[in-house]
$ cat model_14.cif   # mmCIF, C-alpha atoms
data_data
#
loop_
_atom_site.label_atom_id
_atom_site.label_comp_id
_atom_site.auth_asym_id
_atom_site.auth_seq_id
_atom_site.Cartn_x
_atom_site.Cartn_y
_atom_site.Cartn_z
CA MET A 196 3.62 -29.35 -16.28
CA GLU A 197 2.66 -25.71 -16.90
CA TYR A 198 -0.43 -26.13 -14.67
CA ILE A 199 1.65 -26.96 -11.61
CA LEU A 200 3.80 -23.85 -12.12
CA GLN A 201 0.80 -21.52 -11.84
CA PRO A 202 -0.92 -20.55 -8.57
CA TRP A 203 -3.63 -23.06 -7.81
CA PRO A 204 -7.21 -21.80 -7.60
CA TRP A 205 -9.10 -21.92 -4.33
CA TYR A 206 -11.32 -24.77 -5.51
CA VAL A 207 -8.27 -27.06 -5.75
CA SER A 208 -6.16 -25.97 -2.78
CA GLY A 209 -9.12 -25.41 -0.42
CA PRO A 210 -10.45 -28.97 -0.68
CA CYS A 211 -6.89 -30.33 -0.33
CA ILE A 212 -6.54 -28.48 2.99
CA ALA A 213 -10.02 -29.67 4.02
CA ILE A 214 -9.14 -33.32 3.30
CA ILE A 215 -5.92 -33.06 5.32
CA MET A 216 -7.81 -31.43 8.22
CA PHE A 217 -10.51 -34.09 8.10
CA LEU A 218 -7.87 -36.81 8.32
CA LEU A 219 -6.06 -35.06 11.18
CA LEU A 220 -9.28 -34.60 13.14
CA TYR A 221 -10.36 -38.18 12.39
CA PHE A 222 -7.09 -39.52 13.82
CA GLY A 223 -7.19 -37.16 16.80
CA ARG A 224 -4.30 -34.97 15.72
CA THR A 225 -3.99 -31.20 15.64
CA PHE A 226 -1.95 -29.11 13.25
CA GLY A 227 0.20 -26.17 14.22
CA MET A 228 3.80 -25.25 13.51
CA SER A 229 4.56 -23.75 16.94
CA SER A 230 3.96 -27.10 18.65
CA ASN A 231 6.97 -28.42 16.74
CA LEU A 232 9.24 -25.93 18.49
CA ARG A 233 7.97 -27.23 21.83
CA THR A 234 8.67 -30.79 20.66
CA LEU A 235 12.19 -29.89 19.52
CA CYS A 236 12.91 -28.17 22.85
CA ALA A 237 11.64 -31.23 24.73
CA ILE A 238 13.85 -33.50 22.61
CA GLY A 239 16.79 -31.23 23.44
CA GLY A 240 16.18 -31.65 27.17
CA ALA A 241 14.43 -28.39 28.02
CA GLY A 242 11.98 -30.36 30.20
CA LYS A 243 14.74 -30.73 32.80
CA ARG A 244 14.54 -27.00 33.50
CA VAL A 245 11.08 -25.82 32.41
CA GLU A 246 7.83 -27.56 33.32
CA PHE A 247 6.16 -26.55 30.03
CA PHE A 248 8.53 -28.83 28.10
CA LYS A 249 7.87 -31.90 30.27
CA PHE A 250 5.54 -33.97 28.11
CA ASP A 251 5.59 -37.11 25.99
CA TRP A 252 7.34 -35.65 22.96
CA LYS A 253 7.47 -39.06 21.28
CA SER A 254 3.73 -38.82 20.66
CA GLN A 255 4.41 -35.67 18.59
CA ARG A 256 7.12 -37.11 16.33
CA TRP A 257 4.63 -37.32 13.48
CA ASN A 258 4.30 -33.53 13.53
CA LEU A 259 8.05 -33.15 12.93
CA VAL A 260 7.42 -34.79 9.55
CA VAL A 261 5.22 -31.77 8.78
CA VAL A 262 8.21 -29.47 9.42
CA LEU A 263 10.47 -31.63 7.27
CA GLY A 264 7.81 -31.66 4.53
CA ALA A 265 7.49 -27.87 4.69
CA ILE A 266 11.26 -27.47 4.31
CA VAL A 267 11.63 -30.03 1.51
CA GLY A 268 8.44 -28.83 -0.21
CA GLY A 269 9.58 -25.21 -0.05
CA PHE A 270 12.95 -26.14 -1.53
CA ILE A 271 11.35 -28.11 -4.38
CA ALA A 272 8.78 -25.40 -5.06
CA HIS A 273 11.39 -22.64 -5.12
CA HIS A 274 14.05 -24.41 -7.16
CA TYR A 275 11.97 -26.55 -9.52
CA LEU A 276 8.38 -25.33 -9.66
CA SER A 277 8.64 -21.56 -9.80
CA HIS A 278 9.99 -19.03 -12.18
CA PRO A 279 10.69 -15.39 -11.38
CA THR A 280 7.87 -13.12 -12.34
CA ASN A 281 6.94 -9.58 -11.56
CA ILE A 282 4.18 -9.14 -9.04
CA ASP A 283 1.11 -7.35 -10.29
CA LEU A 284 0.82 -4.46 -7.81
CA SER A 285 -1.35 -1.40 -8.18
CA GLN A 286 0.43 1.84 -8.99
CA ASN A 287 -0.68 3.32 -5.65
CA THR A 288 0.94 0.42 -3.78
CA ILE A 289 4.17 0.82 -5.76
CA GLU A 290 4.25 4.54 -4.96
CA ASP A 291 3.57 3.88 -1.26
CA LEU A 292 6.36 1.29 -1.14
CA LYS A 293 8.77 3.67 -2.86
CA MET A 294 8.04 6.21 -0.10
CA PHE A 295 9.21 3.54 2.39
CA GLY A 296 12.46 3.03 0.44
CA PHE A 297 11.60 0.04 -1.73
CA GLU A 298 13.27 0.78 -5.05
CA ASN A 299 11.98 -2.18 -7.09
CA ALA A 300 8.53 -2.74 -5.65
CA GLY A 301 6.81 -5.65 -7.38
CA GLN A 302 10.00 -7.10 -8.85
CA SER A 303 10.43 -9.80 -6.21
CA LEU A 304 8.51 -11.59 -3.49
CA LEU A 305 11.49 -11.01 -1.18
CA PRO A 306 12.58 -7.40 -1.56
CA PRO A 307 16.31 -6.97 -0.92
CA GLU A 308 15.59 -3.95 1.30
CA LEU A 309 14.24 -6.45 3.85
CA PHE A 310 15.73 -9.85 2.99
CA SER A 311 19.30 -9.25 1.84
CA TRP A 312 22.08 -10.27 4.23
CA ASP A 313 23.06 -6.62 4.58
CA ALA A 314 19.55 -5.72 5.74
CA VAL A 315 19.18 -8.71 8.05
CA LEU A 316 22.61 -8.33 9.68
CA SER A 317 22.26 -4.60 10.30
CA ILE A 318 21.50 -3.31 13.81
CA LYS A 319 17.97 -2.46 12.71
CA GLY A 320 17.46 -5.87 11.05
CA LEU A 321 18.79 -7.83 14.03
CA SER A 322 16.73 -5.73 16.44
CA ILE A 323 13.56 -6.38 14.47
CA LEU A 324 14.31 -10.12 14.32
CA ILE A 325 14.99 -10.37 18.05
CA VAL A 326 12.06 -8.25 19.21
CA GLY A 327 9.75 -9.82 16.62
CA GLY A 328 10.85 -13.32 17.62
CA LEU A 329 10.21 -12.60 21.29
CA LEU A 330 6.79 -11.13 20.55
CA VAL A 331 5.80 -14.02 18.30
CA GLY A 332 7.05 -16.55 20.85
CA PHE A 333 5.23 -14.84 23.70
CA GLY A 334 2.07 -14.38 21.62
CA THR A 335 2.06 -17.98 20.50
CA ARG A 336 2.39 -19.24 24.04
CA TYR A 337 -0.13 -16.73 25.42
CA ALA A 338 -2.69 -17.49 22.69
CA GLY A 339 -2.24 -21.24 23.09
CA GLY A 340 -1.06 -21.74 19.52
CA CYS A 341 0.17 -20.13 16.35
CA THR A 342 -1.70 -18.65 13.42
CA SER A 343 -1.76 -21.92 11.48
CA GLY A 344 -2.92 -23.90 14.51
CA HIS A 345 -5.76 -21.55 15.33
CA ALA A 346 -6.76 -20.60 11.78
CA ILE A 347 -6.63 -24.10 10.31
CA THR A 348 -7.15 -26.60 13.13
CA GLY A 349 -9.04 -24.41 15.58
CA LEU A 350 -11.52 -22.96 13.11
CA SER A 351 -12.10 -26.29 11.38
CA SER A 352 -13.02 -27.84 14.73
CA LEU A 353 -15.26 -24.84 15.56
CA GLN A 354 -13.33 -23.64 18.61
CA ARG A 355 -14.43 -20.23 19.87
CA PRO A 356 -10.97 -19.33 21.30
CA SER A 357 -9.48 -19.92 17.85
CA LEU A 358 -12.03 -17.61 16.25
CA ILE A 359 -11.15 -14.92 18.80
CA ALA A 360 -7.42 -15.52 18.21
CA VAL A 361 -7.79 -15.29 14.40
CA ILE A 362 -9.75 -12.05 14.71
CA GLY A 363 -6.96 -10.79 16.97
CA PHE A 364 -4.33 -11.84 14.40
CA PHE A 365 -6.08 -9.81 11.70
CA ILE A 366 -6.51 -6.78 13.94
CA GLY A 367 -2.85 -7.03 14.96
CA GLY A 368 -1.82 -7.28 11.32
CA LEU A 369 -3.82 -4.20 10.41
CA ILE A 370 -2.33 -2.24 13.31
CA MET A 371 1.16 -3.38 12.32
CA ILE A 372 0.94 -2.48 8.64
CA HIS A 373 -0.88 0.84 9.07
CA PHE A 374 0.74 2.22 12.22
CA ILE A 375 3.93 0.42 13.27
CA TYR A 376 5.43 -0.49 9.88
CA PRO A 377 5.58 3.14 8.71
CA ILE A 378 7.53 4.02 11.87
CA LEU A 379 10.02 1.18 11.38
CA PHE A 380 10.61 1.76 7.68
#

$ encode --input "model_14.cif" --output "structure tokens"
Amino acid sequence: MEYILQPWPWYVSGPCIAIIMFLLLYFGRTFGMSSNLRTLCAIGGAGKRVEFFKFDWKSQRWNLVVVLGAIVGGFIAHHYLSHPTNIDLSQNTIEDLKMFGFENAGQSLLPPELFSWDAVLSIKGLSILIVGGLLVGFGTRYAGGCTSGHAITGLSSLQRPSLIAVIGFFIGGLIMIHFIYPILF
């Protein structure tokens, strides 16, 4: 049981992802979490108002099982398969985070300065959630998929647009963490 509580090495988790991707490609399916939002909107009747949501959502019901599995799996992993541990951060990272106002850097995966209800329900927290949600939604639609869809499905099926999108995701992440994040926090 102790083995399952530890992070799995790449040579176990990587082939597991590869097997799942092989099966999805073999059966003509694609993986991506953002497509589930489109399916849920279509189920809710959004196709009556917006052309984008007019499609055969019943053919995508299988993908909703992925969402359910992610929720149930996350709950099981958090409550039964993990134990709180300190995160091994370098001293430079801890000092940099303290400059941004993180008092207990490395003590938790979800720092309360960002993830407590007080932080989320503040004007700043709500503004970041709303603007971030709009940007992610727009970016997902504009890029033709989300990070998981492009990075996992797109790259495994050797799609050039997915390679370009993944490179863009990394560049955007670097810009965010080095330039925008210091302004916000």

$ closest_residue --input "model_14.cif" --among "A:Phe250, A:Val315, A:Glu308, A:Ile359" --to "Ala237 (chain A)" --atoms "all atoms listed in the file"
A:Phe250

$ closest_residue --input "model_14.cif" --among "A:Phe364, A:Tyr337, A:Phe297, A:Phe380" --to "Lys319 (chain A)" --atoms "all atoms listed in the file"
A:Phe380

$ resolve_selection --input "model_14.cif" --expression "the PyMOL selection byres ((chain A and resi 256) around 12)" --output "CSV table (one decimal) with C-alpha atoms, in the frame of the given file"
chain,number,residue,atom,x,y,z
A,224,ARG,CA,-4.3,-35.0,15.7
A,230,SER,CA,4.0,-27.1,18.6
A,231,ASN,CA,7.0,-28.4,16.7
A,232,LEU,CA,9.2,-25.9,18.5
A,233,ARG,CA,8.0,-27.2,21.8
A,234,THR,CA,8.7,-30.8,20.7
A,235,LEU,CA,12.2,-29.9,19.5
A,237,ALA,CA,11.6,-31.2,24.7
A,238,ILE,CA,13.8,-33.5,22.6
A,251,ASP,CA,5.6,-37.1,26.0
A,252,TRP,CA,7.3,-35.6,23.0
A,253,LYS,CA,7.5,-39.1,21.3
A,254,SER,CA,3.7,-38.8,20.7
A,255,GLN,CA,4.4,-35.7,18.6
A,257,TRP,CA,4.6,-37.3,13.5
A,258,ASN,CA,4.3,-33.5,13.5
A,259,LEU,CA,8.0,-33.2,12.9
A,260,VAL,CA,7.4,-34.8,9.6
A,261,VAL,CA,5.2,-31.8,8.8
A,262,VAL,CA,8.2,-29.5,9.4
A,263,LEU,CA,10.5,-31.6,7.3

$ closest_atom_pairs --input "model_14.cif" --of "region 199-237 of chain A" --to "region 274-294 of chain A" --cutoff "10 Å" --atoms "only C-alpha atoms" --output "tab-separated table"
residue	atom	partner	partner_atom	distance
A:Ile199	CA	A:Leu276	CA	7.2
A:Leu200	CA	A:Leu276	CA	5.4
A:Gln201	CA	A:Ser277	CA	8.1
A:Pro202	CA	A:Ser277	CA	9.7

$ write_last_selection --input "model_14.cif" --atoms "C-alpha atoms" --output "PDB file, in the coordinates of the input"
ATOM      1  CA  ILE A 199       1.650 -26.960 -11.610  1.00  0.00           C
ATOM      2  CA  LEU A 200       3.800 -23.850 -12.120  1.00  0.00           C
ATOM      3  CA  GLN A 201       0.800 -21.520 -11.840  1.00  0.00           C
ATOM      4  CA  PRO A 202      -0.920 -20.550  -8.570  1.00  0.00           C
TER       5      PRO A 202
END

$ axis_aligned_box --input "model_14.cif" --around "region 202-208 of chain A" --padding-each-side "3 Å" --output "AutoDock Vina command-line options"
--center_x -6.1 --center_y -23.8 --center_z -5.7 --size_x 16.4 --size_y 12.5 --size_z 11.8

$ atom_distance --input "model_14.cif" --atom1 "CA of Ser343 (chain A)" --atom2 "CA of Cys236 (chain A)"
19.6 Å

$ closest_residue --input "model_14.cif" --among "A:Gly227, A:Gly320, A:Pro306, A:Pro210" --to "Thr335 (chain A)" --atoms "only C-alpha atoms"
A:Gly227
